[in-house]
file query.txt (compact mmCIF, C-alpha atoms)
# COMPACT_ATOMS: atom_id res chain seq x y z
CA MET K 1 -187.77 54.67 -94.36
CA LEU K 2 -186.71 52.16 -91.74
CA ALA K 3 -185.44 53.43 -88.43
CA ALA K 4 -181.94 52.51 -87.39
CA PRO K 5 -181.41 50.02 -84.55
CA SER K 6 -180.37 52.93 -82.38
CA SER K 7 -183.65 54.78 -82.89
CA PRO K 8 -184.43 57.06 -79.94
CA MET K 9 -186.51 55.34 -77.29
CA SER K 10 -188.73 56.73 -74.57
CA LEU K 11 -187.70 56.44 -70.97
CA ALA K 12 -188.43 53.18 -69.24
CA PRO K 13 -191.68 53.14 -67.29
CA ASP K 14 -189.81 53.07 -63.99
CA ALA K 15 -187.30 55.74 -64.91
CA THR K 16 -186.08 58.02 -62.14
CA PRO K 17 -187.37 61.63 -62.30
CA MET K 18 -185.04 64.17 -63.85
CA LEU K 19 -182.46 65.79 -61.60
CA VAL K 20 -182.93 69.53 -61.44
CA ALA K 21 -179.91 70.37 -59.32
CA ALA K 22 -177.08 68.62 -57.59
CA GLY K 23 -178.51 66.44 -54.86
CA THR K 24 -182.15 67.37 -55.57
CA VAL K 25 -184.87 65.58 -57.52
CA ALA K 26 -187.84 67.27 -59.17
CA ALA K 27 -191.06 66.12 -57.55
CA PRO K 28 -193.48 64.54 -60.04
CA PRO K 29 -196.48 66.71 -60.86
CA GLY K 30 -199.65 66.10 -58.91
CA LEU K 31 -202.99 65.30 -60.45
CA LEU K 32 -204.19 68.90 -60.25
CA ASP K 33 -201.08 70.14 -62.05
CA ALA K 34 -201.57 67.58 -64.81
CA LEU K 35 -205.29 68.23 -65.27
CA ALA K 36 -204.63 71.96 -65.51
CA GLN K 37 -203.37 71.24 -69.06
CA VAL K 38 -206.83 70.16 -70.23
CA PRO K 39 -208.60 72.96 -72.16
CA ASP K 40 -211.78 74.27 -70.55
CA PRO K 41 -214.60 74.27 -73.14
CA ARG K 42 -216.86 76.52 -71.05
CA ASP K 43 -217.45 80.23 -71.32
CA ARG K 44 -215.60 82.01 -68.54
CA ARG K 45 -218.71 83.88 -67.49
CA GLY K 46 -220.61 82.23 -64.67
CA VAL K 47 -218.04 79.51 -63.99
CA ARG K 48 -218.03 78.59 -60.31
CA PHE K 49 -215.98 75.39 -60.28
CA LYS K 50 -212.61 75.14 -61.97
CA LEU K 51 -212.36 72.43 -64.60
CA VAL K 52 -209.36 70.89 -62.87
CA THR K 53 -211.45 70.48 -59.70
CA LEU K 54 -214.32 68.73 -61.47
CA LEU K 55 -211.98 66.35 -63.32
CA ALA K 56 -210.04 65.59 -60.15
CA VAL K 57 -213.31 64.81 -58.37
CA GLY K 58 -214.11 62.29 -61.09
CA VAL K 59 -210.72 60.57 -60.89
CA CYS K 60 -210.65 60.47 -57.09
CA ALA K 61 -214.19 59.15 -56.80
CA MET K 62 -213.44 56.45 -59.38
CA THR K 63 -210.49 55.36 -57.25
CA CYS K 64 -212.87 54.38 -54.44
CA ALA K 65 -214.76 51.10 -54.88
CA GLY K 66 -218.41 51.36 -55.85
CA HIS K 67 -218.25 54.82 -57.39
CA ASN K 68 -218.68 53.96 -61.07
CA SER K 69 -221.44 56.33 -62.17
CA LEU K 70 -221.95 60.07 -62.27
CA THR K 71 -224.51 59.80 -59.51
CA ALA K 72 -222.05 57.92 -57.31
CA ILE K 73 -219.32 60.50 -58.04
CA ALA K 74 -221.67 63.31 -56.98
CA GLU K 75 -222.55 61.43 -53.78
CA TRP K 76 -218.87 60.87 -52.99
CA VAL K 77 -217.92 64.54 -53.28
CA ARG K 78 -221.02 65.61 -51.35
CA ARG K 79 -219.85 63.56 -48.34
CA LEU K 80 -216.36 65.07 -48.23
CA ASP K 81 -215.11 67.07 -45.27
CA GLN K 82 -214.28 70.73 -45.68
CA ASP K 83 -210.52 70.24 -45.64
CA VAL K 84 -210.75 67.67 -48.45
CA LEU K 85 -212.90 70.02 -50.54
CA ALA K 86 -210.29 72.71 -50.00
CA ARG K 87 -207.52 70.40 -51.20
CA LEU K 88 -209.52 69.69 -54.36
CA GLY K 89 -209.79 73.41 -55.08
CA CYS K 90 -213.53 73.80 -54.47
CA PRO K 91 -214.71 77.43 -54.15
CA PHE K 92 -215.33 78.99 -50.74
CA ASP K 93 -218.75 80.51 -50.12
CA PRO K 94 -218.22 83.54 -47.80
CA PHE K 95 -221.93 83.79 -46.99
CA ALA K 96 -222.25 80.18 -45.86
CA GLY K 97 -218.70 80.07 -44.53
CA ARG K 98 -218.09 76.72 -46.26
CA PHE K 99 -216.39 75.21 -49.29
CA ARG K 100 -218.97 74.21 -51.87
CA ALA K 101 -219.14 70.75 -53.49
CA PRO K 102 -220.19 70.41 -57.15
CA GLY K 103 -223.53 68.78 -57.84
CA GLU K 104 -224.35 66.00 -60.27
CA ARG K 105 -225.76 68.40 -62.86
CA THR K 106 -222.54 70.40 -62.91
CA LEU K 107 -220.50 67.24 -63.40
CA ARG K 108 -222.79 66.04 -66.20
CA ASP K 109 -222.67 69.35 -68.06
CA VAL K 110 -218.88 69.57 -67.93
CA PHE K 111 -218.08 65.92 -68.68
CA ALA K 112 -220.28 66.13 -71.78
CA ARG K 113 -218.00 68.81 -73.28
CA VAL K 114 -214.45 67.95 -72.18
CA ASP K 115 -212.04 66.57 -74.78
CA PRO K 116 -211.33 62.95 -73.71
CA GLY K 117 -208.14 62.87 -75.76
CA ALA K 118 -206.67 65.89 -73.98
CA LEU K 119 -207.71 64.42 -70.63
CA THR K 120 -205.94 61.13 -71.39
CA ALA K 121 -202.80 62.85 -72.65
CA ALA K 122 -202.57 65.00 -69.52
CA GLY K 123 -202.98 61.99 -67.26
CA PHE K 124 -200.45 59.90 -69.18
CA ALA K 125 -197.87 62.70 -69.02
CA ARG K 126 -198.11 62.62 -65.23
CA LEU K 127 -198.32 58.86 -64.68
CA ALA K 128 -195.38 58.20 -66.98
CA THR K 129 -193.12 60.30 -64.72
CA LEU K 130 -193.97 58.33 -61.59
CA ALA K 131 -191.55 55.67 -60.38
CA GLY K 132 -193.56 52.46 -60.59
CA THR K 133 -193.83 50.11 -57.62
CA PRO K 134 -193.59 46.37 -58.39
CA ALA K 135 -197.21 45.29 -58.72
CA ASP K 136 -198.60 42.66 -56.36
CA ALA K 137 -202.03 41.13 -55.90
CA LEU K 138 -202.29 42.56 -52.38
CA GLY K 139 -200.78 45.90 -53.26
CA PRO K 140 -197.63 47.54 -51.92
CA ASP K 141 -198.29 46.66 -48.25
CA GLY K 142 -198.73 42.88 -48.26
CA VAL K 143 -197.53 39.86 -50.18
CA ARG K 144 -198.82 36.34 -49.68
CA GLU K 145 -196.37 33.47 -49.86
CA ARG K 146 -198.13 32.01 -52.90
CA GLU K 147 -197.86 35.34 -54.71
CA GLN K 148 -194.18 35.54 -53.80
CA ARG K 149 -193.53 32.13 -55.31
CA ARG K 150 -195.45 33.07 -58.45
CA ALA K 151 -193.51 36.32 -58.80
CA HIS K 152 -190.26 34.44 -58.29
CA ARG K 153 -191.10 31.96 -61.05
CA ALA K 154 -192.09 34.80 -63.36
CA ALA K 155 -188.79 36.57 -62.65
CA ILE K 156 -186.88 33.40 -63.52
CA ARG K 157 -188.76 33.05 -66.81
CA ALA K 158 -188.16 36.72 -67.62
CA SER K 159 -184.44 36.38 -66.92
CA GLU K 160 -184.17 33.52 -69.39
CA GLN K 161 -185.14 35.85 -72.23
CA PRO K 162 -183.83 39.41 -72.49
CA PRO K 163 -186.58 42.05 -72.47
CA PRO K 164 -187.48 43.70 -75.79
CA ARG K 165 -185.14 46.50 -76.73
CA ARG K 166 -188.00 48.77 -77.79
CA GLN K 167 -191.05 50.17 -76.12
CA ALA K 168 -194.38 49.06 -77.58
CA PHE K 169 -197.90 50.47 -77.80
CA ALA K 170 -201.01 48.37 -78.39
CA VAL K 171 -203.86 49.98 -80.34
CA ASP K 172 -207.37 48.59 -80.14
CA GLY K 173 -210.99 49.73 -80.18
CA LYS K 174 -213.71 49.13 -77.61
CA CYS K 175 -217.48 49.30 -77.67
CA LEU K 176 -219.08 51.02 -74.66
CA ARG K 177 -222.07 48.69 -74.74
CA GLY K 178 -224.27 50.51 -72.27
CA ALA K 179 -223.90 53.90 -73.98
CA VAL K 180 -226.68 53.58 -76.56
CA ARG K 181 -227.42 56.83 -78.38
CA ALA K 182 -230.89 58.07 -79.23
CA ASP K 183 -230.60 56.68 -82.78
CA GLY K 184 -229.75 53.22 -81.44
CA SER K 185 -226.02 53.37 -82.22
CA ARG K 186 -223.42 52.54 -79.57
CA ALA K 187 -220.46 54.63 -78.50
CA PHE K 188 -216.98 53.40 -79.45
CA ILE K 189 -213.51 54.48 -78.41
CA ILE K 190 -210.03 53.58 -79.64
CA THR K 191 -207.05 53.61 -77.29
CA ALA K 192 -203.28 53.23 -77.35
CA VAL K 193 -201.90 51.41 -74.31
CA ARG K 194 -198.23 51.07 -73.46
CA HIS K 195 -197.01 47.52 -73.03
CA GLY K 196 -195.57 46.63 -69.65
CA ASP K 197 -197.11 49.27 -67.40
CA THR K 198 -200.55 49.28 -69.14
CA LEU K 199 -200.76 53.08 -69.12
CA THR K 200 -203.23 54.52 -71.62
CA ALA K 201 -201.24 56.97 -73.75
CA ALA K 202 -204.06 58.13 -76.04
CA LEU K 203 -207.83 57.81 -76.31
CA ARG K 204 -210.18 58.95 -79.04
CA GLU K 205 -213.93 58.76 -79.46
CA ILE K 206 -215.13 57.17 -82.70
CA GLY K 207 -217.98 58.90 -84.50
CA ALA K 208 -221.35 57.23 -84.93
CA LYS K 209 -221.02 57.01 -88.73
CA THR K 210 -217.44 55.76 -88.97
CA ASN K 211 -215.19 53.02 -87.55
CA GLU K 212 -211.73 52.47 -86.05
CA ILE K 213 -209.74 52.65 -89.27
CA PRO K 214 -209.97 56.44 -89.93
CA ALA K 215 -209.27 57.10 -86.22
CA PHE K 216 -205.93 55.25 -86.20
CA ALA K 217 -203.65 58.09 -87.31
CA PRO K 218 -205.46 60.84 -85.32
CA LEU K 219 -205.17 58.64 -82.23
CA LEU K 220 -201.40 58.24 -82.55
CA ASP K 221 -201.05 61.94 -83.40
CA ALA K 222 -201.83 62.53 -79.72
CA VAL K 223 -198.79 60.48 -78.63
CA ASP K 224 -195.67 62.59 -78.25
CA ASP K 225 -192.79 61.98 -80.67
CA SER K 226 -190.43 61.35 -77.76
CA ASP K 227 -192.58 58.39 -76.71
CA LEU K 228 -193.45 56.95 -80.13
CA ALA K 229 -190.24 57.41 -82.13
CA GLY K 230 -188.41 54.08 -82.29
CA ALA K 231 -191.26 52.25 -80.53
CA VAL K 232 -193.33 49.38 -81.94
CA VAL K 233 -197.06 49.76 -82.60
CA THR K 234 -198.95 46.46 -82.31
CA VAL K 235 -202.43 46.17 -83.81
CA ASP K 236 -204.89 43.47 -84.77
CA ALA K 237 -205.86 42.46 -88.27
CA LEU K 238 -208.43 45.25 -88.70
CA HIS K 239 -205.61 47.78 -88.91
CA ALA K 240 -203.44 45.83 -91.33
CA GLN K 241 -203.83 48.72 -93.75
CA LYS K 242 -201.12 49.98 -96.09
CA GLU K 243 -201.85 53.58 -95.13
CA HIS K 244 -201.38 52.72 -91.47
CA ALA K 245 -198.02 51.08 -92.15
CA ARG K 246 -196.78 54.09 -94.13
CA TYR K 247 -197.99 56.48 -91.43
CA VAL K 248 -196.22 54.62 -88.61
CA VAL K 249 -192.90 54.26 -90.42
CA GLU K 250 -192.70 57.38 -92.57
CA ASP K 251 -194.58 59.99 -90.54
CA ARG K 252 -193.86 58.88 -86.97
CA ARG K 253 -190.51 57.07 -87.44
CA ALA K 254 -191.82 54.16 -85.42
CA HIS K 255 -192.26 50.47 -86.26
CA TYR K 256 -195.22 48.16 -86.62
CA LEU K 257 -196.24 44.57 -85.88
CA LEU K 258 -199.51 43.91 -87.73
CA SER K 259 -201.61 40.76 -87.56
CA VAL K 260 -202.82 39.59 -90.96
CA LYS K 261 -206.09 37.79 -91.64
CA ASN K 262 -208.48 37.42 -94.55
CA ASN K 263 -209.42 41.11 -94.57
CA GLN K 264 -206.19 41.37 -96.61
CA PRO K 265 -206.74 38.28 -98.82
CA THR K 266 -203.80 38.78 -101.19
CA LEU K 267 -201.34 39.38 -98.38
CA ALA K 268 -202.76 36.50 -96.34
CA ARG K 269 -202.33 34.10 -99.28
CA GLN K 270 -198.74 35.25 -99.70
CA LEU K 271 -197.95 34.58 -96.06
CA ARG K 272 -199.58 31.15 -95.99
CA ALA K 273 -197.79 30.13 -99.20
CA LEU K 274 -194.30 30.69 -97.80
CA PRO K 275 -192.24 27.49 -97.28
CA TRP K 276 -192.77 27.36 -93.54
CA ARG K 277 -191.74 23.70 -93.30
CA ASP K 278 -188.22 24.75 -94.18
CA VAL K 279 -188.14 27.50 -91.54
CA PRO K 280 -186.91 26.39 -88.10
CA ILE K 281 -188.73 27.20 -84.87
CA LEU K 282 -186.83 30.13 -83.42
CA HIS K 283 -188.75 30.59 -80.18
CA ARG K 284 -190.87 28.27 -78.06
CA SER K 285 -192.66 29.00 -74.79
CA ARG K 286 -194.97 27.08 -72.47
CA ASP K 287 -197.18 28.72 -69.86
CA ARG K 288 -199.68 27.48 -67.32
CA GLY K 289 -202.25 29.59 -65.55
CA HIS K 290 -205.96 30.16 -65.04
CA GLY K 291 -206.62 26.44 -65.42
CA ARG K 292 -205.08 26.01 -68.85
CA GLU K 293 -201.79 25.32 -70.57
CA GLU K 294 -200.54 27.06 -73.69
CA VAL K 295 -197.60 26.30 -75.98
CA ARG K 296 -196.38 28.83 -78.56
CA GLU K 297 -193.99 28.19 -81.42
CA VAL K 298 -192.66 31.14 -83.39
CA LYS K 299 -191.12 31.07 -86.84
CA VAL K 300 -189.69 34.20 -88.45
CA CYS K 301 -188.29 34.71 -91.93
CA SER K 302 -187.11 37.71 -93.90
CA VAL K 303 -188.89 38.47 -97.15
CA ASP K 304 -188.33 40.57 -100.23
CA GLY K 305 -191.02 41.88 -102.53
CA LEU K 306 -193.90 41.39 -100.13
CA MET K 307 -196.94 43.40 -101.22
CA PHE K 308 -197.02 45.56 -98.08
CA PRO K 309 -195.20 48.84 -97.35
CA HIS K 310 -191.87 48.52 -95.55
CA ALA K 311 -192.50 44.87 -94.61
CA TRP K 312 -189.23 43.13 -93.81
CA GLN K 313 -190.04 40.09 -91.70
CA VAL K 314 -192.96 37.66 -91.63
CA VAL K 315 -194.00 35.93 -88.42
CA ARG K 316 -195.86 32.65 -87.98
CA ILE K 317 -197.14 31.89 -84.48
CA HIS K 318 -198.57 28.44 -83.83
CA ARG K 319 -200.52 28.21 -80.57
CA LYS K 320 -201.78 25.11 -78.77
CA ARG K 321 -204.11 25.35 -75.76
CA ARG K 322 -205.73 22.81 -73.49
CA ARG K 323 -207.63 22.80 -70.25
CA MET K 324 -205.67 21.37 -67.36
CA GLY K 325 -206.66 17.77 -66.76
CA THR K 326 -207.70 17.19 -70.37
CA LYS K 327 -205.76 15.76 -73.31
CA ARG K 328 -207.45 17.58 -76.18
CA TRP K 329 -205.49 20.49 -77.64
CA GLN K 330 -206.93 23.39 -79.59
CA THR K 331 -204.58 24.80 -82.21
CA GLU K 332 -204.41 28.16 -83.96
CA THR K 333 -201.95 29.62 -86.46
CA VAL K 334 -201.65 33.37 -86.92
CA TYR K 335 -199.46 35.48 -89.17
CA ALA K 336 -198.00 38.95 -88.76
CA VAL K 337 -195.66 41.31 -90.58
CA THR K 338 -193.20 43.85 -89.26
CA ASP K 339 -190.91 46.45 -90.75
CA LEU K 340 -188.12 45.51 -88.34
CA SER K 341 -185.24 43.55 -89.82
CA ALA K 342 -183.66 40.49 -88.20
CA HIS K 343 -180.89 42.47 -86.50
CA GLN K 344 -183.44 44.96 -85.13
CA ALA K 345 -185.83 42.39 -83.63
CA GLY K 346 -185.33 38.72 -82.85
CA ALA K 347 -187.96 36.01 -82.61
CA ALA K 348 -188.19 36.25 -78.81
CA GLU K 349 -188.81 40.00 -78.98
CA ILE K 350 -191.45 39.62 -81.67
CA ALA K 351 -193.14 36.90 -79.63
CA ALA K 352 -193.14 39.18 -76.57
CA TRP K 353 -194.73 42.03 -78.54
CA ALA K 354 -197.33 39.74 -80.10
CA ARG K 355 -198.32 38.36 -76.72
CA GLY K 356 -198.06 41.76 -75.03
CA HIS K 357 -200.55 43.24 -77.48
CA TRP K 358 -203.39 41.36 -75.80
CA ILE K 359 -202.76 43.14 -72.52
CA ILE K 360 -205.10 45.83 -73.85
CA GLU K 361 -207.93 43.26 -73.99
CA ASN K 362 -207.07 40.92 -71.12
CA THR K 363 -206.03 43.58 -68.61
CA VAL K 364 -207.17 47.09 -69.56
CA HIS K 365 -210.55 46.47 -71.16
CA TRP K 366 -211.34 43.58 -68.84
CA THR K 367 -210.57 45.67 -65.73
CA LYS K 368 -212.70 48.57 -66.93
CA ASP K 369 -215.64 46.28 -67.69
CA VAL K 370 -215.49 44.07 -64.59
CA THR K 371 -214.01 46.33 -61.91
CA PHE K 372 -215.37 49.70 -63.06
CA ALA K 373 -218.59 48.37 -64.67
CA GLU K 374 -217.92 50.29 -67.87
CA ASP K 375 -220.23 48.22 -70.06
CA ALA K 376 -223.05 48.74 -67.55
CA SER K 377 -222.74 52.53 -67.72
CA GLN K 378 -225.62 54.04 -69.68
CA VAL K 379 -224.40 57.65 -69.87
CA ARG K 380 -224.62 58.72 -73.48
CA ARG K 381 -224.68 62.51 -73.63
CA HIS K 382 -222.17 63.91 -76.11
CA ARG K 383 -218.62 63.13 -74.97
CA THR K 384 -219.55 61.80 -71.52
CA PRO K 385 -219.02 58.05 -72.29
CA ALA K 386 -215.47 58.65 -73.56
CA VAL K 387 -214.65 61.08 -70.74
CA MET K 388 -215.83 58.58 -68.12
CA SER K 389 -213.66 55.93 -69.78
CA ALA K 390 -210.66 58.28 -69.58
CA LEU K 391 -211.34 58.91 -65.88
CA ARG K 392 -211.36 55.15 -65.29
CA ASP K 393 -208.01 54.88 -67.05
CA LEU K 394 -206.49 57.55 -64.82
CA ALA K 395 -207.75 55.88 -61.63
CA ARG K 396 -206.61 52.45 -62.82
CA GLY K 397 -203.21 53.75 -63.90
CA ALA K 398 -202.57 55.48 -60.56
CA LEU K 399 -203.40 52.32 -58.60
CA HIS K 400 -201.22 50.18 -60.85
CA ARG K 401 -198.26 52.56 -60.55
CA ALA K 402 -198.69 52.45 -56.77
CA GLY K 403 -198.21 48.67 -56.80
CA TRP K 404 -201.73 47.26 -57.10
CA ALA K 405 -201.94 44.37 -59.56
CA ASN K 406 -205.52 43.69 -58.44
CA ILE K 407 -207.27 46.98 -59.15
CA ALA K 408 -210.47 45.90 -57.39
CA SER K 409 -208.47 45.24 -54.22
CA GLY K 410 -206.75 48.61 -54.61
CA ARG K 411 -210.08 50.42 -54.87
CA ARG K 412 -211.37 48.69 -51.75
CA ALA K 413 -208.23 49.72 -49.88
CA HIS K 414 -208.81 53.40 -50.70
CA THR K 415 -211.92 54.26 -48.72
CA ARG K 416 -210.64 57.37 -46.94
CA PRO K 417 -210.66 60.51 -49.11
CA GLU K 418 -207.37 61.68 -47.61
CA THR K 419 -205.68 58.45 -48.75
CA ILE K 420 -207.07 58.88 -52.26
CA LEU K 421 -205.80 62.45 -52.54
CA ASP K 422 -202.36 61.34 -51.31
CA LEU K 423 -202.31 58.62 -53.98
CA HIS K 424 -202.91 61.22 -56.69
CA GLY K 425 -200.39 63.70 -55.32
CA ILE K 426 -202.96 66.33 -54.29
CA PRO K 427 -201.45 68.38 -51.43
call {"tool": "encode", "arguments": {"input": "query.txt", "output": "C-alpha cells"}}
result
Amino acid sequence: MLAAPSSPMSLAPDATPMLVAAGTVAAPPGLLDALAQVPDPRDRRGVRFKLVTLLAVGVCAMTCAGHNSLTAIAEWVRRLDQDVLARLGCPFDPFAGRFRAPGERTLRDVFARVDPGALTAAGFARLATLAGTPADALGPDGVREREQRRAHRAAIRASEQPPPRRQAFAVDGKCLRGAVRADGSRAFIITAVRHGDTLTAALREIGAKTNEIPAFAPLLDAVDDSDLAGAVVTVDALHAQKEHARYVVEDRRAHYLLSVKNNQPTLARQLRALPWRDVPILHRSRDRGHGREEVREVKVCSVDGLMFPHAWQVVRIHRKRRRMGTKRWQTETVYAVTDLSAHQAGAAEIAAWARGHWIIENTVHWTKDVTFAEDASQVRRHRTPAVMSALRDLARGALHRAGWANIASGRRAHTRPETILDLHGIP
C-alpha cells in the first residue's frame, strides 16, 4: 500500500525542543541520561562501575583526538581529575578517599557484551533532539573567508531547488577490516544513516555466516515508527530485493529508492529496454570540487506492470566526470526504482536522494576509517568491534551537531576533559 503524500514525517533535524510550559523549554537529555536506556548485560553482583559510566567514558575519550583504541580510552580516563571522574559517575572509594577510574580490562569485558544496536538507538534519540549548529570546516567558533564564500555558493544552489519533502535514511554495510576473528572471518556491520545531518539511526552486527541481506529488516526494526513512517529508504543494488520493498512499504509505511544492477537481471533488462530516448531530461546538475567536475542528467518515467513490488517510477541517472584540466570524460548510467508516484516525488527530489545516499560512504564511513582509524582497529572479541563503531558514531554525531564539519579538527579542539563533558551535556 502506497503512503499518501501527506504521510507523517519526522521532525526536521534542527527542530526546536518541545515546549513543556508557557515560556519554558525542556532541556535536551544529556549523554548519561541517554545511555541509561542501554540494557546492562552483567550480573548485578560484583558490579563496581555503572554501565552508563563505562559507555560515557568510551564516547568522551573518542571525542578527543588520538584516542581510537581501548588502550587509549583507558589511558584517557586514568589521567582524569577527580572532579571529572565524579561528573562521569565513577564510584567513590571511602578507604582511598578518591573516585576510582575503570581499567582497560573492565572496559574490554563490558564492551564485549553490550548490545551495539541499543547503544546506537539511545545515542540517536538524544542527538536527534539537539538543535544543530550550521557546520563549518573550522567549527562553530571560526570561519575563513574562503569557507564563507563556499557556503554562500552552496546556499545559492540549494535555494534554486526546493529541499526534498521527505526525510531519508541511507542503509549500507561496512567491513571492519582490522577485526579478524580467530577463524579468519572479518566483522561486518550494517547501519542506517539519516540524510542531511548524517546521524546514525541504527546499527547491527552481521553474523560470521551470513550477509547484509537478512539483516536489512532487523536493522530498520530498530528505527522508531515516528522517524521512519513517510520517509524514504535509499539502498544500493545489493538490497534491491522484493522482500525488502514489501517490508518498507507494507510493514513500515515508508518508501524506497533502490538501485538496480545485474543482481536482478530480469528487472535490469526491463529498465534498460524502456524507451529512454523519448523521455526528456527532467533534472540536470553540474558540480565542481575536489579537483573534478561532474554533470548529472536525470530522467524519470512512470511505469505500469513492472516486475517489482509497489514500483511506480523508474529513474535513469547519467553521470559524466572528468578531472579538472583534462578533456576526457568518464560516463556511467545507473537505474533505480521507487514506489513514490510523480506527484509524491519529482525528479529533483529523487536526484537529491540518490546523491544523498552516498553520504554514508563518502562522509560517515570515510570519517570513521580516516579520522577514527576504524579499519586499523584489531579488537575482535565478541561484540567489541560493533560497540566501538557505535561509540565512534556517537562522538562524530555530537561534534557534527555542535557545528564541526571537519571532525578531525573538532577532535583536536577538544583536548580538555571539561570541554568534552560540556559538549555531551554531562553536568
call {"tool": "closest_residue", "arguments": {"input": "query.txt", "among": "K:Val171, K:Ala121, K:Val235, K:Leu35", "to": "Ile189 of chain K", "atoms": "all atoms listed in the file"}}
result
K:Val171
call {"tool": "atom_distance", "arguments": {"input": "query.txt", "atom1": "atom CA of Pro41 of chain K", "atom2": "atom CA of Met388 of chain K"}}
result
16.5 Å
call {"tool": "residues_around", "arguments": {"input": "query.txt", "residues": "Leu199 of chain K", "least_positions_apart": "3", "cutoff": "8 Å", "atoms": "only C-alpha atoms", "output": "tab-separated table (two decimals) with C-alpha atoms, in the frame of the given file"}}
result
chain	number	residue	atom	x	y	z
K	124	PHE	CA	-200.45	59.90	-69.18
K	127	LEU	CA	-198.32	58.86	-64.68
K	128	ALA	CA	-195.38	58.20	-66.98
K	193	VAL	CA	-201.90	51.41	-74.31
K	194	ARG	CA	-198.23	51.07	-73.46
K	195	HIS	CA	-197.01	47.52	-73.03
K	393	ASP	CA	-208.01	54.88	-67.05
K	397	GLY	CA	-203.21	53.75	-63.90
call {"tool": "closest_residue", "arguments": {"input": "query.txt", "among": "K:Ser341, K:Thr371, K:Ser259, K:Ser302", "to": "Pro275 of chain K", "atoms": "only C-alpha atoms"}}
result
K:Ser302
call {"tool": "residues_around", "arguments": {"input": "query.txt", "residues": "segment 265-274 of chain K", "least_positions_apart": "5", "cutoff": "12 Å", "atoms": "all atoms listed in the file", "output": "CSV table (one decimal) with C-alpha atoms, keeping the file's coordinate frame"}}
result
chain,number,residue,atom,x,y,z
K,237,ALA,CA,-205.9,42.5,-88.3
K,240,ALA,CA,-203.4,45.8,-91.3
K,241,GLN,CA,-203.8,48.7,-93.8
K,242,LYS,CA,-201.1,50.0,-96.1
K,258,LEU,CA,-199.5,43.9,-87.7
K,259,SER,CA,-201.6,40.8,-87.6
K,260,VAL,CA,-202.8,39.6,-91.0
K,279,VAL,CA,-188.1,27.5,-91.5
K,299,LYS,CA,-191.1,31.1,-86.8
K,300,VAL,CA,-189.7,34.2,-88.4
K,301,CYS,CA,-188.3,34.7,-91.9
K,302,SER,CA,-187.1,37.7,-93.9
K,303,VAL,CA,-188.9,38.5,-97.2
K,304,ASP,CA,-188.3,40.6,-100.2
K,305,GLY,CA,-191.0,41.9,-102.5
K,306,LEU,CA,-193.9,41.4,-100.1
K,307,MET,CA,-196.9,43.4,-101.2
K,308,PHE,CA,-197.0,45.6,-98.1
K,309,PRO,CA,-195.2,48.8,-97.4
K,311,ALA,CA,-192.5,44.9,-94.6
K,313,GLN,CA,-190.0,40.1,-91.7
K,314,VAL,CA,-193.0,37.7,-91.6
K,315,VAL,CA,-194.0,35.9,-88.4
K,316,ARG,CA,-195.9,32.6,-88.0
K,317,ILE,CA,-197.1,31.9,-84.5
K,333,THR,CA,-202.0,29.6,-86.5
K,334,VAL,CA,-201.6,33.4,-86.9
K,335,TYR,CA,-199.5,35.5,-89.2
K,336,ALA,CA,-198.0,39.0,-88.8
K,337,VAL,CA,-195.7,41.3,-90.6
call {"tool": "closest_residue", "arguments": {"input": "query.txt", "among": "K:Ala201, K:Leu257, K:Ala182, K:Leu394", "to": "Ala352 of chain K", "atoms": "all atoms listed in the file"}}
result
K:Leu257
call {"tool": "closest_residue", "arguments": {"input": "query.txt", "among": "K:His67, K:Lys368, K:Arg48, K:Arg412", "to": "Thr106 of chain K", "atoms": "only C-alpha atoms"}}
result
K:Arg48
call {"tool": "residues_around", "arguments": {"input": "query.txt", "residues": "segment 202-206 of chain K", "least_positions_apart": "5", "cutoff": "12 Å", "atoms": "all atoms listed in the file", "output": "number ranges by chain"}}
result
K: 114-125, 169-176, 185-194, 211-224, 227-228, 382-394
call {"tool": "decode", "arguments": {"input": "query.txt", "residues": "segment 59-69 of chain K", "atoms": "N, CA and C atoms", "output": "mmCIF file, in the first residue's frame"}}
result
data_model
loop_
_atom_site.group_PDB
_atom_site.id
_atom_site.type_symbol
_atom_site.label_atom_id
_atom_site.label_comp_id
_atom_site.auth_asym_id
_atom_site.auth_seq_id
_atom_site.Cartn_x
_atom_site.Cartn_y
_atom_site.Cartn_z
ATOM 1 N N VAL K 59 32.673 7.182 24.806
ATOM 2 C CA VAL K 59 32.281 8.255 23.904
ATOM 3 C C VAL K 59 33.153 9.485 24.119
ATOM 4 N N CYS K 60 33.365 9.869 25.363
ATOM 5 C CA CYS K 60 34.143 11.078 25.655
ATOM 6 C C CYS K 60 35.597 10.922 25.230
ATOM 7 N N ALA K 61 36.183 9.754 25.464
ATOM 8 C CA ALA K 61 37.560 9.551 25.041
ATOM 9 C C ALA K 61 37.678 9.583 23.528
ATOM 10 N N MET K 62 36.701 9.000 22.823
ATOM 11 C CA MET K 62 36.712 9.024 21.369
ATOM 12 C C MET K 62 36.603 10.442 20.824
ATOM 13 N N THR K 63 36.013 11.344 21.574
ATOM 14 C CA THR K 63 35.856 12.722 21.125
ATOM 15 C C THR K 63 37.186 13.444 21.070
ATOM 16 N N CYS K 64 38.164 12.996 21.841
ATOM 17 C CA CYS K 64 39.482 13.621 21.902
ATOM 18 C C CYS K 64 40.402 12.950 20.879
ATOM 19 N N ALA K 65 41.125 13.740 20.111
ATOM 20 C CA ALA K 65 41.987 13.213 19.052
ATOM 21 C C ALA K 65 43.022 12.252 19.612
ATOM 22 N N GLY K 66 43.248 11.163 18.857
ATOM 23 C CA GLY K 66 44.274 10.202 19.219
ATOM 24 C C GLY K 66 43.816 9.061 20.084
ATOM 25 N N HIS K 67 42.582 9.113 20.569
ATOM 26 C CA HIS K 67 42.087 8.061 21.455
ATOM 27 C C HIS K 67 41.125 7.166 20.663
ATOM 28 N N ASN K 68 41.709 6.261 19.881
ATOM 29 C CA ASN K 68 40.928 5.424 18.974
ATOM 30 C C ASN K 68 40.821 3.975 19.424
ATOM 31 N N SER K 69 41.639 3.567 20.377
ATOM 32 C CA SER K 69 41.662 2.172 20.803
ATOM 33 C C SER K 69 41.216 2.049 22.248
#
